[in-house]
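Asks: Quick one: the structure is below, questions incoming.
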Amino acid sequence: MTSVESLLEGKRIVICAGSGGVGKTTTAAALGLGMAERGLRVAVVTIDPAKRLATSLGLEELGNEPRQVDPARLAAGGIEVEGELWAMMLDAKRTFDQLIERLAPDDRTRDEVFANRIYQQLSNAVAGSQEFTAIAKLYELDQDGGFDLLVLDTPPSRNALDFLDAPQRLKGFFGGRAIRMFLRPAGLSGKVLGRGTGMVFGLLQRVTGVDLLQDLSVFFRTLGGMIDGFMERADRVGALLEDPATTFLIVTSPRHDPSEEAIHFHRKLMDAAMPFGGLVVNRVHLAPEMDGGPPPELAEALGEDLARRVGESAHELAALAAGDEAGVEHLVAALGTPPSIVVPELEDDVHDVGGLAQVREHLFGVD
Ligand SMILES: Nc1ncnc2c1ncn2[C@@H]1O[C@H](COP(=O)(O)OP(=O)(O)OP(=O)(O)O)[C@@H](O)[C@H]1O
Ligand SMILES: [Mg+2]
């Protein structure tokens, strides 16, 4: 079996993608933990509204900037990190605002944009899509965070594919013909209500839910100068996804629906020429050791009735394990036998450093 370490060689960014509830956040955290153990300075960027990651790492809350996980806390959970483990939870709206702060030519423009109702609606709408802001944040951390490795956890219950074209979609919005037409100086000064305007209003109203002419013209006057910066940023953010130092891990369970989604996502990754690193199949049931039924000594020790019930549940588990095994085989074959890692279903939910340590053991294999 592959160790995740070999998949991360030479990588600065790893994106854990997959469908809802399969263990993306858990995998991202365990991966970060393992690489910090190996001496790297790692940041795990999570989008985990349930705050499970924060809780399991003993952080009261995760802000929009990375915070270091207390090494003493890790040591108490049996993990000695030679490097550093940092974690942050992405606040999409805050990230979008920070982007404006960076791109605004001066404080006045910045304040004007922030105070603008259209911007407020738009930033919520764009931030609501989360994908762009996640990658934008990643870009920023990659540029000046000083980390050896960034691990991105992707949002719950959203289509993982949205990640791939998020920069393009944002560019599409700002670069759209209607917007461009409106941004031309003449469009603003003279023919505010000329041809094309109705279309722009329609578009903006759809995106933002408001249409206020006044706000609109202020919005475009202030944001207008930043559009090129925005487009360029979107380009660079997009390029980051295709960078050879970036890798996508597809996380899935061996069950039917998540597997089919994983196969679909893999195909899209290939179509988009994105760097696919490998497959993590999580929560795989393993066959119980007493596969042929309970040994006779057990019946003696437990009594007939109890032994029979133990036998029955072992039988059920064996059936689950067989199903999962077939699921894993199907997946691996469908993806063209990529590097794959199986993480078994643990006895408990992963809710603390100890649990993460167990997952990381499976991800990294026995050294
Ligand atoms: N190998 C495992 N064994 C047992 N429980 C697990 C395992 N992996 C993850 N879990 C549990 O499954 C639940 C979902 O895991 P996690 O939050 O990592 O998934 P996710 O893909 O990030 O979900 P979402 O799409 O909601 O963000 C959590 O309660 C976690 O503790
Ligand atoms: Mg999650």
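Letters for chains follow the order of the structure tokens (A, B, ...), residue numbers begin at 1 for each chain, and ligand numbers begin at 1 in the order shown.
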Please return as a count of residues only the residues found within 7 Å of ligand 1, counting only C-alpha atoms and all ligand atoms.

Replies: 27

Asks: So which one's closest to ligand 2, A:Asp165, A:Glu37, A:Asp153, A:Asp257? Using only C-alpha atoms and all ligand atoms, please.

Replies: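 Ranking A:Asp165, A:Glu37, A:Asp153, A:Asp257 by distance to ligand 2, first place goes to A:Asp153.
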
Asks: Select from segment 84-141 of chain A everything DSSP, run on the backbone, classes as alpha helix (DSSP H), then give the selection as an mmCIF file with C-alpha atoms, in the first residue's frame.

Replies:
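Output contents, as saved in selection_9.cif:
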```
data_model
loop_
_atom_site.group_PDB
_atom_site.id
_atom_site.type_symbol
_atom_site.label_atom_id
_atom_site.label_comp_id
_atom_site.auth_asym_id
_atom_site.auth_seq_id
_atom_site.Cartn_x
_atom_site.Cartn_y
_atom_site.Cartn_z
ATOM 1 C CA ALA A 92 -14.964 33.431 2.817
ATOM 2 C CA LYS A 93 -16.401 36.927 3.211
ATOM 3 C CA ARG A 94 -13.406 38.111 5.238
ATOM 4 C CA THR A 95 -11.054 36.718 2.597
ATOM 5 C CA PHE A 96 -12.922 38.538 -0.134
ATOM 6 C CA ASP A 97 -12.711 41.777 1.856
ATOM 7 C CA GLN A 98 -8.986 41.295 2.336
ATOM 8 C CA LEU A 99 -8.618 40.875 -1.383
ATOM 9 C CA ILE A 100 -10.292 44.253 -1.908
ATOM 10 C CA GLU A 101 -8.008 45.770 0.731
ATOM 11 C CA ARG A 102 -5.028 44.579 -1.242
ATOM 12 C CA LEU A 103 -6.295 45.714 -4.585
ATOM 13 C CA ASP A 107 -8.072 53.724 1.908
ATOM 14 C CA ARG A 108 -10.844 55.962 0.662
ATOM 15 C CA THR A 109 -11.624 53.711 -2.267
ATOM 16 C CA ARG A 110 -11.505 50.704 0.013
ATOM 17 C CA ASP A 111 -13.965 52.241 2.464
ATOM 18 C CA GLU A 112 -16.220 53.331 -0.341
ATOM 19 C CA VAL A 113 -16.312 49.814 -1.714
ATOM 20 C CA PHE A 114 -16.982 48.279 1.690
ATOM 21 C CA ALA A 115 -19.794 50.725 2.404
ATOM 22 C CA ARG A 117 -24.538 47.974 -0.773
ATOM 23 C CA ILE A 118 -23.860 46.311 -4.097
ATOM 24 C CA TYR A 119 -20.458 45.219 -2.892
ATOM 25 C CA GLN A 120 -21.959 43.897 0.299
ATOM 26 C CA GLN A 121 -24.384 41.797 -1.659
ATOM 27 C CA LEU A 122 -21.850 40.763 -4.237
ATOM 28 C CA SER A 123 -19.198 39.792 -1.733
ATOM 29 C CA ASN A 124 -21.725 37.676 0.067
ATOM 30 C CA ALA A 125 -22.760 36.086 -3.177
ATOM 31 C CA VAL A 126 -19.184 35.397 -4.286
ATOM 32 C CA ALA A 127 -18.037 34.436 -0.821
ATOM 33 C CA GLY A 128 -21.067 32.188 -0.639
ATOM 34 C CA SER A 129 -19.547 30.142 -3.412
ATOM 35 C CA GLU A 131 -14.393 28.004 -3.787
ATOM 36 C CA PHE A 132 -12.769 31.087 -5.203
ATOM 37 C CA THR A 133 -11.996 32.549 -1.828
ATOM 38 C CA ALA A 134 -10.535 29.252 -0.659
ATOM 39 C CA ILE A 135 -8.086 29.186 -3.526
ATOM 40 C CA ALA A 136 -7.434 32.917 -3.205
ATOM 41 C CA LYS A 137 -6.485 32.366 0.424
ATOM 42 C CA LEU A 138 -4.292 29.479 -0.569
ATOM 43 C CA TYR A 139 -2.569 31.676 -3.087
ATOM 44 C CA GLU A 140 -1.943 34.306 -0.445
ATOM 45 C CA LEU A 141 -0.547 31.780 2.037
#
```

Asks: Find the residues near Ala334 of chain A: any atom within 12 Å, counting only C-alpha atoms, skip ones fewer than 4 places away on the same chain, and give them as a short mmCIF file (atom, residue, chain, number, x, y, z; two decimals) with N, CA and C atoms, in the first residue's frame.

Replies:
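Listing of around.cif after writing:
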```cif
data_model
loop_
_atom_site.label_atom_id
_atom_site.label_comp_id
_atom_site.auth_asym_id
_atom_site.auth_seq_id
_atom_site.Cartn_x
_atom_site.Cartn_y
_atom_site.Cartn_z
N SER A 259 -18.46 6.93 -4.21
CA SER A 259 -17.52 6.37 -5.20
C SER A 259 -17.81 6.88 -6.59
N GLU A 260 -19.10 6.88 -6.93
CA GLU A 260 -19.46 7.36 -8.27
C GLU A 260 -19.07 8.83 -8.42
N GLU A 261 -19.27 9.60 -7.35
CA GLU A 261 -18.87 11.01 -7.39
C GLU A 261 -17.37 11.15 -7.55
N ALA A 262 -16.65 10.27 -6.85
CA ALA A 262 -15.19 10.31 -6.93
C ALA A 262 -14.73 10.01 -8.36
N ILE A 263 -15.38 9.06 -8.98
CA ILE A 263 -15.01 8.68 -10.35
C ILE A 263 -15.29 9.85 -11.31
N HIS A 264 -16.43 10.48 -11.09
CA HIS A 264 -16.81 11.63 -11.91
C HIS A 264 -15.80 12.78 -11.72
N PHE A 265 -15.47 13.03 -10.47
CA PHE A 265 -14.54 14.12 -10.16
C PHE A 265 -13.16 13.84 -10.79
N HIS A 266 -12.74 12.60 -10.68
CA HIS A 266 -11.46 12.22 -11.27
C HIS A 266 -11.44 12.49 -12.77
N ARG A 267 -12.54 12.14 -13.42
CA ARG A 267 -12.62 12.36 -14.86
C ARG A 267 -12.49 13.86 -15.18
N LEU A 279 -5.68 8.41 -4.35
CA LEU A 279 -7.00 8.12 -3.82
C LEU A 279 -6.89 7.74 -2.36
N GLY A 327 -16.01 -2.61 -3.34
CA GLY A 327 -16.10 -1.17 -3.65
C GLY A 327 -14.74 -0.58 -3.94
N VAL A 328 -13.77 -0.90 -3.10
CA VAL A 328 -12.41 -0.37 -3.28
C VAL A 328 -11.84 -0.85 -4.62
N GLU A 329 -12.04 -2.14 -4.90
CA GLU A 329 -11.51 -2.68 -6.16
C GLU A 329 -12.10 -1.98 -7.37
N HIS A 330 -13.41 -1.78 -7.30
CA HIS A 330 -14.11 -1.12 -8.40
C HIS A 330 -13.55 0.30 -8.63
N PRO A 338 -4.64 4.13 -9.58
CA PRO A 338 -3.77 5.20 -9.06
C PRO A 338 -3.17 4.78 -7.73
#
```

Asks: Tell me which protein, DNA and RNA residues are within 12 Å of Arg360 of chain A, counting only C-alpha atoms, leaving out same-chain ones fewer than 6 positions away, and put them as a list of chain:residue names.

Replies: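 Those residues are A:Ser3, A:Val4, A:Glu5, A:Thr26, A:Thr27, A:Ala28, A:Ala29, A:Ala30, A:Leu31, A:Gly32, A:Leu33, A:Gly34, A:Met35, A:Ala36, A:Glu37, A:Arg38, A:Ile79, A:Val280, A:Asn282, A:Ile341, A:Val342, A:Val343, A:Pro344, A:Val350, A:Val353, A:Gly354, A:Val366, A:Asp367.
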
Asks: Taking 2 positions as the minimum chain separation for residues in the same chain, which residues sit within 10 Å of Leu74 of chain A when counting only C-alpha atoms? Answer as a ChimeraX atom specification.

Replies: /A:33,57-58,69-72,76-81,85,352-354,357

Asks: I need the residues from that last selection saved to file as a JSON list (two decimals), in the first residue's frame (with N, CA, C and O atoms), if you can.

Replies:
```json
[["chain", "number", "residue", "atom", "x", "y", "z"],
["A", 33, "LEU", "N", -0.84, 16.69, 10.33],
["A", 33, "LEU", "CA", -0.19, 16.18, 11.53],
["A", 33, "LEU", "C", 1.04, 15.34, 11.18],
["A", 33, "LEU", "O", 2.13, 15.54, 11.73],
["A", 57, "LEU", "N", -8.26, 19.66, 17.60],
["A", 57, "LEU", "CA", -6.90, 20.16, 17.77],
["A", 57, "LEU", "C", -6.76, 21.02, 19.01],
["A", 57, "LEU", "O", -5.69, 21.56, 19.29],
["A", 58, "GLY", "N", -7.86, 21.18, 19.74],
["A", 58, "GLY", "CA", -7.80, 21.94, 20.97],
["A", 58, "GLY", "C", -7.70, 23.43, 20.74],
["A", 58, "GLY", "O", -7.24, 24.17, 21.60],
["A", 69, "VAL", "N", -1.03, 25.12, 16.34],
["A", 69, "VAL", "CA", -1.55, 24.16, 17.31],
["A", 69, "VAL", "C", -0.47, 23.94, 18.37],
["A", 69, "VAL", "O", 0.69, 23.70, 18.03],
["A", 70, "ASP", "N", -0.87, 24.02, 19.61],
["A", 70, "ASP", "CA", 0.06, 23.91, 20.73],
["A", 70, "ASP", "C", 0.76, 22.54, 20.72],
["A", 70, "ASP", "O", 0.10, 21.50, 20.81],
["A", 71, "PRO", "N", 2.10, 22.54, 20.58],
["A", 71, "PRO", "CA", 2.82, 21.26, 20.53],
["A", 71, "PRO", "C", 2.56, 20.42, 21.79],
["A", 71, "PRO", "O", 2.54, 19.18, 21.71],
["A", 72, "ALA", "N", 2.34, 21.08, 22.93],
["A", 72, "ALA", "CA", 2.08, 20.34, 24.17],
["A", 72, "ALA", "C", 0.78, 19.55, 24.05],
["A", 72, "ALA", "O", 0.67, 18.42, 24.51],
["A", 76, "ALA", "N", 0.49, 15.56, 24.27],
["A", 76, "ALA", "CA", -0.43, 14.88, 25.18],
["A", 76, "ALA", "C", -1.22, 13.80, 24.43],
["A", 76, "ALA", "O", -1.64, 12.81, 25.01],
["A", 77, "GLY", "N", -1.40, 13.99, 23.13],
["A", 77, "GLY", "CA", -2.09, 13.00, 22.32],
["A", 77, "GLY", "C", -1.12, 11.99, 21.71],
["A", 77, "GLY", "O", -1.50, 11.22, 20.83],
["A", 78, "GLY", "N", 0.12, 12.03, 22.14],
["A", 78, "GLY", "CA", 1.10, 11.05, 21.68],
["A", 78, "GLY", "C", 1.82, 11.43, 20.40],
["A", 78, "GLY", "O", 2.43, 10.59, 19.75],
["A", 79, "ILE", "N", 1.75, 12.70, 20.01],
["A", 79, "ILE", "CA", 2.39, 13.13, 18.76],
["A", 79, "ILE", "C", 3.50, 14.14, 19.05],
["A", 79, "ILE", "O", 3.24, 15.19, 19.65],
["A", 80, "GLU", "N", 4.70, 13.79, 18.63],
["A", 80, "GLU", "CA", 5.81, 14.74, 18.77],
["A", 80, "GLU", "C", 6.06, 15.37, 17.41],
["A", 80, "GLU", "O", 6.46, 14.69, 16.49],
["A", 81, "VAL", "N", 5.79, 16.66, 17.30],
["A", 81, "VAL", "CA", 6.06, 17.28, 16.00],
["A", 81, "VAL", "C", 7.43, 17.95, 16.00],
["A", 81, "VAL", "O", 7.75, 18.71, 16.89],
["A", 85, "LEU", "N", 2.51, 22.60, 13.26],
["A", 85, "LEU", "CA", 1.19, 22.43, 12.67],
["A", 85, "LEU", "C", 0.36, 23.68, 12.93],
["A", 85, "LEU", "O", 0.21, 24.11, 14.07],
["A", 352, "ASP", "N", -10.43, 13.84, 18.50],
["A", 352, "ASP", "CA", -9.30, 14.40, 19.26],
["A", 352, "ASP", "C", -7.97, 14.01, 18.60],
["A", 352, "ASP", "O", -7.95, 13.33, 17.57],
["A", 353, "VAL", "N", -6.89, 14.49, 19.21],
["A", 353, "VAL", "CA", -5.57, 14.25, 18.62],
["A", 353, "VAL", "C", -5.30, 12.75, 18.50],
["A", 353, "VAL", "O", -4.75, 12.28, 17.51],
["A", 354, "GLY", "N", -5.74, 12.00, 19.51],
["A", 354, "GLY", "CA", -5.54, 10.55, 19.48],
["A", 354, "GLY", "C", -6.19, 9.93, 18.24],
["A", 354, "GLY", "O", -5.60, 9.08, 17.58],
["A", 357, "ALA", "N", -4.31, 10.84, 15.22],
["A", 357, "ALA", "CA", -3.06, 10.09, 15.18],
["A", 357, "ALA", "C", -3.30, 8.70, 14.57],
["A", 357, "ALA", "O", -2.48, 8.21, 13.78]]
```

Asks: Between atom CA of Pro66 of chain A and atom CA of Asp91 of chain A, what is the distance, to one decimal in Å?

Replies: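 Value for the atom CA of Pro66 of chain A-atom CA of Asp91 of chain A distance: 11.5 Å.
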